[in-house]
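Everything below concerns the one structure shown next.
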Amino acid sequence: MSAGATRREKKEQPKVKDNKLQKEETVFLQWALPHQQIQDLLQTSEDELQSEIKRILAFRNYQTCMRESALLDYYVCGFWWAKEANFTPVQTSFTMAVLHLLLDNIIEKRMVLVENLMEFAKALGAACQCSTSEEDTTSLLDREEATSLITYIENSLFQKYTLYELLFTTHREELLTGMERTIEVFCCQDGLTPLEEGISTHLYFQ
């Protein structure tokens, strides 16, 4: 499993049905990195974080490749936002997994904005679903944390959705080879024509 991939963690919740206590699984996304590694990343500086994520994602051409540069910025900014929001490693893992899911929906599944919004709502709904078990009485994200995450993803991805579609679903080579330009070139093998040969004799002598 690549570092950019996601996995799903399950929480068991009691469910009452037909007067019997049954268990229902709540599934929420998690990033592929172990929580301990995420905890270590939360302790790094911004420059160290960028260096680590660049290594994790195996980006070698980010300085010359626009796509790698955009992806690196996308993940670093997302992680740093989660850090400043004081998210726990599990919450940060969920945030990164959601960011990966939404971007993957653009790149691989070519989802339009409305479809991707629905996918985001499903992922967020699972994370905000309350657990009523004795050991865990809270959801992964409370209302304030969920609202902050919605605002961040809206500003960082959904408002720029067309740009992400253009960058990750259209090959720049196709754009370059598909453009047609007409250029007028001045060409004279014998140099400039003398003035007396370029205009009529009558005008020249005047």
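Ligands are numbered from 1 in the order shown, residues from 1 within each chain, and chains are lettered A, B, ... in the order they appear in the structure tokens.
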
Set the distance at 9 Å and use only C-alpha atoms: which residues neighbour stretch 65-74 of chain A once local chain neighbours fewer than 6 positions away are removed? I'd like the list as an mmCIF file with N, CA, C and O atoms, in the first residue's frame.
```
data_model
loop_
_atom_site.group_PDB
_atom_site.id
_atom_site.type_symbol
_atom_site.label_atom_id
_atom_site.label_comp_id
_atom_site.auth_asym_id
_atom_site.auth_seq_id
_atom_site.Cartn_x
_atom_site.Cartn_y
_atom_site.Cartn_z
ATOM 1 N N GLN A 50 7.871 19.178 4.999
ATOM 2 C CA GLN A 50 7.897 19.111 3.537
ATOM 3 C C GLN A 50 8.911 18.088 3.060
ATOM 4 O O GLN A 50 8.648 17.323 2.134
ATOM 5 N N ILE A 53 7.441 14.498 3.781
ATOM 6 C CA ILE A 53 6.351 14.115 2.881
ATOM 7 C C ILE A 53 6.873 13.921 1.465
ATOM 8 O O ILE A 53 6.428 13.018 0.742
ATOM 9 N N LYS A 54 7.840 14.731 1.081
ATOM 10 C CA LYS A 54 8.467 14.541 -0.231
ATOM 11 C C LYS A 54 9.120 13.169 -0.313
ATOM 12 O O LYS A 54 9.006 12.477 -1.333
ATOM 13 N N LEU A 57 6.265 10.320 -0.311
ATOM 14 C CA LEU A 57 5.567 10.214 -1.591
ATOM 15 C C LEU A 57 6.519 9.974 -2.765
ATOM 16 O O LEU A 57 6.072 9.850 -3.903
ATOM 17 N N PHE A 59 8.694 11.908 -4.291
ATOM 18 C CA PHE A 59 8.731 12.962 -5.300
ATOM 19 C C PHE A 59 10.178 13.369 -5.545
ATOM 20 O O PHE A 59 10.863 13.827 -4.637
ATOM 21 N N LEU A 99 -8.298 14.043 2.065
ATOM 22 C CA LEU A 99 -7.648 14.819 1.013
ATOM 23 C C LEU A 99 -7.207 13.914 -0.135
ATOM 24 O O LEU A 99 -7.360 14.257 -1.318
ATOM 25 N N SER A 156 -9.476 25.049 -0.013
ATOM 26 C CA SER A 156 -8.242 24.531 -0.605
ATOM 27 C C SER A 156 -8.480 23.678 -1.852
ATOM 28 O O SER A 156 -7.612 23.596 -2.721
ATOM 29 N N LEU A 157 -9.651 23.048 -1.960
ATOM 30 C CA LEU A 157 -9.892 22.143 -3.085
ATOM 31 C C LEU A 157 -11.126 22.516 -3.901
ATOM 32 O O LEU A 157 -11.025 22.748 -5.101
ATOM 33 N N LEU A 167 -5.239 20.443 -14.300
ATOM 34 C CA LEU A 167 -3.857 20.045 -14.037
ATOM 35 C C LEU A 167 -3.670 18.538 -14.076
ATOM 36 O O LEU A 167 -2.680 18.038 -14.624
ATOM 37 N N PHE A 168 -4.628 17.785 -13.518
ATOM 38 C CA PHE A 168 -4.422 16.355 -13.334
ATOM 39 C C PHE A 168 -5.157 15.462 -14.341
ATOM 40 O O PHE A 168 -4.927 14.255 -14.347
#
```

Excluding A:Pro89 and any residue of its chain fewer than 3 positions from it, enumerate the residues within 8 Å of it, using only C-alpha atoms, and give them as a list of chain:residue names.
->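 In the requested format, the answer is A:His35, A:Gln36, A:Ile38, A:Gln39, A:Leu42, A:Thr92, A:Ser93.
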
Once you have the residues from the selection above, write them out as a short mmCIF file (atom, residue, chain, number, x, y, z; two decimals), in the first residue's frame, restricted to N, CA and C atoms.
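Dumped everything to again_19.cif:
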```cif
data_model
loop_
_atom_site.label_atom_id
_atom_site.label_comp_id
_atom_site.auth_asym_id
_atom_site.auth_seq_id
_atom_site.Cartn_x
_atom_site.Cartn_y
_atom_site.Cartn_z
N HIS A 35 0.03 5.56 12.99
CA HIS A 35 -0.25 6.73 13.82
C HIS A 35 1.00 7.24 14.52
N GLN A 36 1.93 6.36 14.87
CA GLN A 36 3.15 6.80 15.52
C GLN A 36 3.99 7.67 14.58
N ILE A 38 2.77 9.47 12.14
CA ILE A 38 2.04 10.74 12.03
C ILE A 38 2.32 11.61 13.25
N GLN A 39 2.36 10.97 14.42
CA GLN A 39 2.68 11.70 15.65
C GLN A 39 4.06 12.34 15.55
N LEU A 42 3.94 15.37 13.34
CA LEU A 42 3.29 16.51 13.99
C LEU A 42 4.27 17.32 14.84
N THR A 92 -5.70 13.61 12.31
CA THR A 92 -4.83 14.04 11.21
C THR A 92 -4.79 12.98 10.12
N SER A 93 -4.73 11.72 10.53
CA SER A 93 -4.74 10.62 9.56
C SER A 93 -6.02 10.64 8.74
#
```

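Using only C-alpha atoms, the residues found no farther than 9 Å from A:Glu145, other than those of its own chain fewer than 4 positions away, are Ala85, Phe87, Leu141, Leu149 and Ile150 of chain A.
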
Within 12 Å of A:Glu115, counting only C-alpha atoms, which residues show up once you throw out same-chain ones fewer than 6 positions away? Write them as an NGL selection string, please.
-> :A and (102 or 105-106 or 109 or 121-122 or 158)

Go through A:Ile153, A:Ile107, A:Asn116, A:Ala58 one by one, measure the shortest atom-to-atom distance of each to A:His171 using only C-alpha atoms, and give the residue with the smallest value.
-> A:Ile107

Just the helix (DSSP H, G or I) stuff from stretch 31-186 of chain A, please, per backbone DSSP, written as JSON, numbers by chain.
-> {"A": [35, 36, 37, 38, 39, 40, 41, 46, 47, 48, 49, 50, 51, 52, 53, 54, 55, 56, 66, 67, 68, 69, 70, 71, 72, 73, 74, 75, 76, 77, 78, 79, 80, 81, 82, 83, 84, 89, 90, 91, 92, 93, 94, 95, 96, 97, 98, 99, 100, 101, 102, 103, 104, 105, 106, 107, 113, 114, 115, 116, 117, 118, 119, 120, 121, 122, 123, 124, 125, 126, 127, 128, 143, 144, 145, 146, 147, 148, 149, 150, 151, 152, 153, 154, 155, 156, 158, 159, 160, 161, 162, 163, 164, 165, 166, 167, 168, 169, 172, 173, 174, 175, 176, 177, 178]}

Nearest residue to A:Val98 from the set A:Val114, A:Asn86, A:Ser200, A:Ala127 (distances using only C-alpha atoms) | A:Ala127
